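Structure below is final_1.cif: mmCIF, C-alpha atoms.
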```cif
data_upload
#
loop_
_atom_site.label_atom_id
_atom_site.label_comp_id
_atom_site.auth_asym_id
_atom_site.auth_seq_id
_atom_site.Cartn_x
_atom_site.Cartn_y
_atom_site.Cartn_z
CA MET A 10 -23.86 -19.29 -8.19
CA GLN A 11 -23.83 -18.91 -11.94
CA GLN A 12 -21.90 -15.70 -11.48
CA ILE A 13 -19.17 -17.66 -9.68
CA ALA A 14 -19.07 -20.34 -12.36
CA ASP A 15 -18.98 -17.68 -15.08
CA TRP A 16 -16.07 -15.93 -13.36
CA ILE A 17 -14.08 -19.18 -13.23
CA GLN A 18 -14.95 -19.88 -16.83
CA GLY A 19 -13.81 -16.40 -17.83
CA LYS A 20 -10.47 -16.87 -16.12
CA ASN A 21 -9.95 -20.16 -17.93
CA PRO A 22 -11.02 -19.54 -21.54
CA ALA A 23 -9.06 -22.54 -22.78
CA LEU A 24 -11.19 -24.87 -20.65
CA GLY A 25 -13.77 -25.16 -23.40
CA ARG A 26 -16.46 -26.62 -21.15
CA GLU A 27 -18.49 -25.87 -18.05
CA VAL A 28 -16.92 -26.38 -14.64
CA GLU A 29 -18.42 -29.41 -12.93
CA PRO A 30 -19.97 -28.86 -9.48
CA ALA A 31 -17.58 -31.33 -7.81
CA GLU A 32 -14.55 -30.50 -9.89
CA ASP A 33 -11.41 -29.72 -7.87
CA LEU A 34 -10.74 -26.07 -8.62
CA ILE A 35 -7.49 -26.02 -6.64
CA GLU A 36 -5.83 -29.12 -8.07
CA GLY A 37 -7.09 -28.17 -11.51
CA ARG A 38 -5.52 -24.73 -11.05
CA LEU A 39 -8.75 -23.07 -12.13
CA ILE A 40 -8.39 -20.41 -9.44
CA ASP A 41 -5.08 -18.65 -9.85
CA SER A 42 -3.36 -17.41 -6.68
CA LEU A 43 -3.03 -13.93 -8.15
CA ASP A 44 -6.77 -13.83 -8.83
CA PHE A 45 -7.70 -15.26 -5.45
CA LEU A 46 -8.46 -11.94 -3.79
CA GLU A 47 -10.63 -10.94 -6.73
CA PHE A 48 -12.50 -14.20 -6.23
CA ILE A 49 -13.00 -13.38 -2.55
CA TYR A 50 -14.35 -9.95 -3.47
CA LEU A 51 -16.76 -11.58 -5.91
CA LEU A 52 -18.00 -14.06 -3.29
CA GLU A 53 -18.53 -11.21 -0.84
CA SER A 54 -20.44 -9.28 -3.48
CA VAL A 55 -22.66 -12.23 -4.41
CA SER A 56 -23.25 -13.40 -0.84
CA GLY A 57 -23.57 -9.94 0.66
CA ARG A 58 -21.36 -11.07 3.54
CA PRO A 59 -17.71 -10.31 4.35
CA ILE A 60 -15.23 -13.17 4.31
CA ASP A 61 -12.55 -13.36 6.99
CA LEU A 62 -9.58 -15.25 5.53
CA ALA A 63 -8.62 -16.34 9.04
CA GLU A 64 -11.90 -18.26 9.24
CA VAL A 65 -11.66 -20.21 5.99
CA THR A 66 -9.48 -22.98 4.61
CA VAL A 67 -8.42 -24.07 1.15
CA ASP A 68 -11.08 -26.78 1.22
CA ASP A 69 -13.78 -24.12 1.41
CA PHE A 70 -12.87 -23.14 -2.16
CA ARG A 71 -12.17 -26.59 -3.56
CA THR A 72 -15.38 -27.16 -5.52
CA LEU A 73 -18.37 -25.13 -6.68
CA GLU A 74 -20.54 -27.32 -4.46
CA ARG A 75 -18.45 -26.46 -1.40
CA ILE A 76 -18.32 -22.77 -2.28
CA GLU A 77 -22.08 -22.64 -2.56
CA GLU A 78 -22.52 -24.50 0.73
CA ARG A 79 -19.94 -22.42 2.60
CA PHE A 80 -20.56 -18.93 1.29
CA LEU A 81 -23.85 -18.72 -0.57
CA ALA A 82 -26.19 -20.68 1.61
CA PRO A 83 -28.70 -18.50 3.47
CA ALA A 84 -27.29 -17.21 6.75
CA ALA A 85 -28.39 -19.22 9.78
CA PRO A 86 -31.09 -17.48 11.83
CA GLY A 87 -30.00 -15.99 15.16
CA GLY A 88 -30.13 -18.32 18.16
CA ALA A 89 -32.96 -18.14 20.67
CA ALA A 90 -32.34 -16.19 23.84
CA MET B 4 41.65 -46.98 -21.68
CA THR B 5 38.61 -44.82 -22.39
CA GLY B 6 34.87 -45.44 -22.40
CA PRO B 7 31.80 -45.01 -20.22
CA GLU B 8 33.11 -47.10 -17.32
CA THR B 9 36.37 -45.18 -17.11
CA LEU B 10 34.54 -41.87 -17.32
CA ARG B 11 32.06 -42.98 -14.67
CA ALA B 12 34.89 -44.01 -12.35
CA ALA B 13 36.65 -40.71 -12.91
CA LEU B 14 33.51 -38.71 -12.16
CA HIS B 15 32.90 -40.75 -9.03
CA ARG B 16 36.39 -40.00 -7.80
CA MET B 17 35.87 -36.32 -8.44
CA LEU B 18 32.34 -35.93 -7.15
CA GLY B 19 31.74 -38.78 -4.76
CA ASP B 20 28.48 -40.67 -4.52
CA ALA B 21 25.41 -39.23 -6.15
CA PRO B 22 22.94 -37.76 -3.63
CA ALA B 23 20.09 -40.04 -2.68
CA GLY B 24 17.51 -37.42 -3.54
CA ALA B 25 16.22 -33.98 -2.66
CA ASP B 26 17.35 -32.76 0.74
CA PRO B 27 14.21 -32.08 2.81
CA ARG B 28 16.08 -29.41 4.74
CA VAL B 29 16.47 -27.29 1.62
CA ARG B 30 13.47 -25.53 0.13
CA VAL B 31 13.24 -23.51 -3.04
CA GLY B 32 10.35 -21.42 -4.30
CA VAL B 33 9.97 -19.55 -7.57
CA ASP B 34 7.23 -17.49 -9.14
CA LEU B 35 6.70 -15.52 -12.31
CA VAL B 36 4.26 -12.60 -12.58
CA HIS B 37 3.10 -10.81 -15.71
CA VAL B 38 3.72 -7.12 -15.03
CA PRO B 39 0.67 -5.82 -16.97
CA ARG B 40 -1.57 -8.31 -15.20
CA ALA B 41 -0.43 -7.14 -11.78
CA ALA B 42 -0.92 -3.51 -12.80
CA ASP B 43 -4.40 -4.33 -14.09
CA LEU B 44 -5.37 -5.96 -10.80
CA ALA B 45 -4.17 -2.92 -8.85
CA ARG B 46 -5.99 -0.57 -11.20
CA ARG B 47 -9.30 -2.50 -11.17
CA HIS B 48 -9.47 -3.19 -7.44
CA GLY B 49 -7.65 -0.13 -6.11
CA GLU B 50 -6.99 0.66 -2.50
CA ARG B 51 -8.72 -2.36 -1.01
CA TRP B 52 -6.68 -4.78 -3.10
CA LEU B 53 -3.43 -2.97 -2.30
CA ALA B 54 -4.25 -2.95 1.40
CA ASP B 55 -5.16 -6.65 1.30
CA GLN B 56 -1.94 -7.63 -0.50
CA PHE B 57 0.58 -5.29 1.12
CA THR B 58 1.41 -3.97 4.57
CA PRO B 59 1.65 -0.20 5.18
CA ARG B 60 5.45 -0.42 5.06
CA GLU B 61 5.30 -2.20 1.73
CA ARG B 62 2.86 0.30 0.32
CA GLU B 63 5.14 3.13 1.40
CA GLN B 64 8.01 1.58 -0.53
CA LEU B 65 5.83 0.81 -3.55
CA ALA B 66 4.61 4.40 -3.64
CA ALA B 67 8.21 5.63 -3.57
CA ALA B 68 9.39 3.24 -6.30
CA THR B 69 11.00 5.00 -9.24
CA GLY B 70 11.89 3.74 -12.68
CA THR B 71 9.48 0.88 -13.26
CA PRO B 72 6.87 0.88 -10.49
CA GLY B 73 4.73 -1.67 -12.32
CA ALA B 74 7.61 -4.10 -12.44
CA THR B 75 8.32 -3.43 -8.77
CA LEU B 76 4.72 -4.27 -7.89
CA ALA B 77 4.85 -7.48 -9.93
CA GLY B 78 8.21 -8.38 -8.43
CA ARG B 79 6.89 -8.00 -4.90
CA LEU B 80 3.92 -10.22 -5.72
CA ALA B 81 6.20 -12.82 -7.26
CA ALA B 82 8.36 -12.69 -4.13
CA LYS B 83 5.37 -13.31 -1.88
CA GLU B 84 4.20 -16.23 -4.00
CA ALA B 85 7.70 -17.72 -4.16
CA PHE B 86 8.04 -17.51 -0.37
CA LEU B 87 4.59 -19.02 0.08
CA LYS B 88 5.82 -22.08 -1.77
CA LEU B 89 8.52 -22.54 0.85
CA LEU B 90 5.86 -22.76 3.54
CA ILE B 91 3.99 -25.61 1.83
CA PRO B 92 0.64 -24.58 3.29
CA GLU B 93 -1.78 -27.41 3.87
CA ARG B 94 -5.40 -26.49 4.53
CA GLU B 95 -4.80 -23.04 5.94
CA LEU B 96 -4.90 -19.93 3.81
CA ILE B 97 -1.91 -17.67 4.21
CA PRO B 98 -2.70 -14.15 3.01
CA LEU B 99 0.06 -12.67 0.88
CA ARG B 100 -0.06 -9.67 3.17
CA ASP B 101 1.40 -11.90 5.88
CA ILE B 102 4.53 -12.29 3.75
CA GLU B 103 5.98 -8.82 3.96
CA VAL B 104 8.64 -8.05 1.36
CA LEU B 105 10.77 -4.97 1.90
CA ARG B 106 13.83 -3.48 0.31
CA ALA B 107 16.61 -3.16 2.86
CA PRO B 108 19.18 -0.37 2.70
CA GLY B 109 21.41 -1.16 -0.25
CA GLY B 110 18.51 -2.59 -2.24
CA VAL B 111 18.47 -6.18 -1.01
CA PRO B 112 14.92 -7.58 -0.86
CA THR B 113 14.05 -9.15 2.46
CA VAL B 114 11.11 -11.20 3.66
CA HIS B 115 9.43 -10.56 7.01
CA PRO B 116 6.88 -13.30 7.70
CA ARG B 117 4.07 -12.39 10.07
CA ALA B 118 0.85 -13.85 11.50
CA ALA B 119 -0.22 -16.92 9.51
CA ALA B 120 3.00 -17.02 7.49
CA LEU B 121 5.13 -16.83 10.63
CA HIS B 122 3.07 -19.57 12.25
CA ARG B 123 3.56 -21.83 9.25
CA LEU B 124 7.24 -20.94 9.00
CA ARG B 125 7.79 -22.09 12.57
CA ALA B 126 5.75 -25.24 12.02
CA GLN B 127 7.96 -26.01 9.03
CA ARG B 128 11.08 -25.24 11.12
CA LEU B 129 12.45 -22.84 8.53
CA THR B 130 15.29 -20.92 10.11
CA HIS B 131 17.13 -19.18 7.29
CA TRP B 132 15.82 -17.81 4.02
CA SER B 133 16.83 -15.64 1.14
CA LEU B 134 15.11 -13.88 -1.72
CA SER B 135 16.06 -12.54 -5.13
CA ILE B 136 13.84 -10.59 -7.52
CA THR B 137 14.40 -9.53 -11.07
CA HIS B 138 12.31 -8.24 -13.97
CA GLU B 139 12.68 -7.83 -17.70
CA GLY B 140 10.08 -6.30 -19.95
CA ASP B 141 6.64 -7.66 -19.08
CA TRP B 142 7.83 -10.26 -16.59
CA ALA B 143 8.97 -10.27 -12.99
CA VAL B 144 10.40 -13.35 -11.31
CA ALA B 145 11.37 -14.12 -7.75
CA VAL B 146 13.32 -16.99 -6.27
CA THR B 147 13.43 -17.93 -2.62
CA ALA B 148 15.47 -20.46 -0.72
CA ALA B 149 15.26 -21.62 2.84
CA LEU B 150 16.81 -24.07 5.25
CA ALA B 151 14.72 -26.16 7.61
CA SER B 152 16.23 -27.33 10.87
CA PRO B 153 16.10 -31.10 11.37
CA THR B 154 13.05 -32.57 13.00
CA PRO B 155 13.97 -33.37 16.61
#
```

Would you encode the structure as structure tokens?
Amino acid sequence: MQQIADWIQGKNPALGREVEPAEDLIEGRLIDSLDFLEFIYLLESVSGRPIDLAEVTVDDFRTLERIEERFLAPAAPGGAA
Amino acid sequence: MTGPETLRAALHRMLGDAPAGADPRVRVGVDLVHVPRAADLARRHGERWLADQFTPREREQLAAATGTPGATLAGRLAAKEAFLKLLIPERELIPLRDIEVLRAPGGVPTVHPRAAALHRLRAQRLTHWSLSITHEGDWAVAVTAALASPTP
């Protein structure tokens, strides 16, 4: 998760502080639309799982808390037969 | 007799009543892209990024671009972003690849919405749109305009 926070920090050097876990990244324009795909690639790299853009919404990227919950939580175990 | 009141009356006669506000049927989108930044993204992320941002037809045109290919790339990205603003997406994510921007014969840039962008376009009742792209030095800018049909 720190890798994600560091990436956001690196894209916003003028921020001058750490990104809060519940801070709105979209409204705060901390994730630029041109960098969005790079952010997706990073999440895929960190989580080890592909992300289908058809299966996600803007709210899934709104805060660090939500990003961690949506993409970095351990994958659910397979269902019982 | 001169003065503000006379001038105001004269302007009113010429122009009519001032509009009440923005016309919801008219949409405008604009975006500005730094050419070196776009080139850097393409260089760092390569084929996957290009394939995720552009359709095969777009990539064919980008590969054939002469003169200032970096500016062409940035201009196409700006065009996609400007058109995206017309769609006013809510919670859904609309991939830029779904906003296909092509150069028609004669050089006019055209937008071909598909998949998620087309779905949103229809939901927004946008029926006519137009696009213009330009670039100068390190910057590319695109402007889009669209008309929405009235809500029934």

task = With the file shown as input, list the residues that the PyMOL selection byres ((chain B) within 7 of (chain A)) selects, as a list in words.
result = Arg94, Glu95 and Leu96 of chain B

task = Run the PyMOL selection byres ((chain A and resi 19-25) around 10) mentally over the shown coordinates, then write out the matched residues as number ranges by chain, using the chain letters and numbers from the document.
result = A: 13-18, 26-28, 38-41, 44

task = Name all residues at most 9 Å from Pro153 (chain B) (count all atoms listed in the file; drop same-chain ones fewer than 3 positions away) and give them as number ranges by chain.
result = B: 27-28, 128

Filtering to C-alpha atoms, could you give me those residues as an mmCIF file, in the coordinates of the input?
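The result, stored in result_22.cif:
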```
data_model
loop_
_atom_site.group_PDB
_atom_site.id
_atom_site.type_symbol
_atom_site.label_atom_id
_atom_site.label_comp_id
_atom_site.auth_asym_id
_atom_site.auth_seq_id
_atom_site.Cartn_x
_atom_site.Cartn_y
_atom_site.Cartn_z
ATOM 1 C CA PRO B 27 14.210 -32.080 2.810
ATOM 2 C CA ARG B 28 16.080 -29.410 4.740
ATOM 3 C CA ARG B 128 11.080 -25.240 11.120
#
```

ask   = Pick the closest to Pro59 (chain B) from B:Arg11, B:Arg100, B:His37, B:Arg30: which is it, counting only C-alpha atoms?
value = B:Arg100

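Separating CA of Ala77 (chain B) from CA of Ile136 (chain B) is a distance of 9.8 Å.
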
key: Distance in Å - CA of Gly78 (chain B) versus CA of His138 (chain B)   =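 Pair CA of Gly78 (chain B) / CA of His138 (chain B) returns 6.9 Å.
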
request  = For the structure shown, which residues end up in the PyMOL selection byres ((chain B and resi 148) around 9)? Put them as number ranges by chain, please?
outcome  = B: 29-33, 85-86, 89, 131-134, 146-147, 149-150

remark   = CA of Glu84 (chain B) sits from CA of Leu34 (chain A) at a separation of 18.5 Å

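Protein, DNA and RNA residues at most 10 Å from (8.0, -5.8, 3.4), with all atoms listed in the file, are these: Phe57, Thr58, Pro59, Arg60, Glu61, Arg62, Glu63, Gln64, Leu65, Arg79, Lys83, Arg100, Asp101, Ile102, Glu103, Val104, Leu105, Arg106, Ala107, Pro112, Thr113, Val114, His115 and Pro116 of chain B.
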
request  = Using all atoms listed in the file, find the one residue out of A:Ile35, A:Gly57, A:Ile49, A:Gln12 that sits nearest to Ala82 (chain A).
outcome  =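 Among the listed residues, A:Gly57 lies closest to Ala82 (chain A).
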
Selected residue, from A:Met10, A:Phe70, A:Glu29, A:Phe48, that lies nearest to Leu44 (chain B) when counting all atoms listed in the file =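 For Leu44 (chain B), the nearest of the candidates is A:Phe48.
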
message = With distances taken over all atoms listed in the file, which residue among B:Ala145, B:Leu121, B:Leu14, B:Ala42 lies nearest Pro92 (chain B)?
response = B:Leu121

ask   = Near Leu129 (chain B), within 6 Å and counting all atoms listed in the file, which residues show up once chain neighbours fewer than 2 positions away are dropped, as a list of chain:residue names?
value = B:Leu124, B:Gln127, B:Leu150, B:Ala151

task = Around the point (-15.9, -21.3, -1.1) in the file's coordinates, collect all residues with an atom within 8 Å, using all atoms listed in the file, and return them as a PyMOL selection string.
result = chain A and resi 52+68-73+75-80
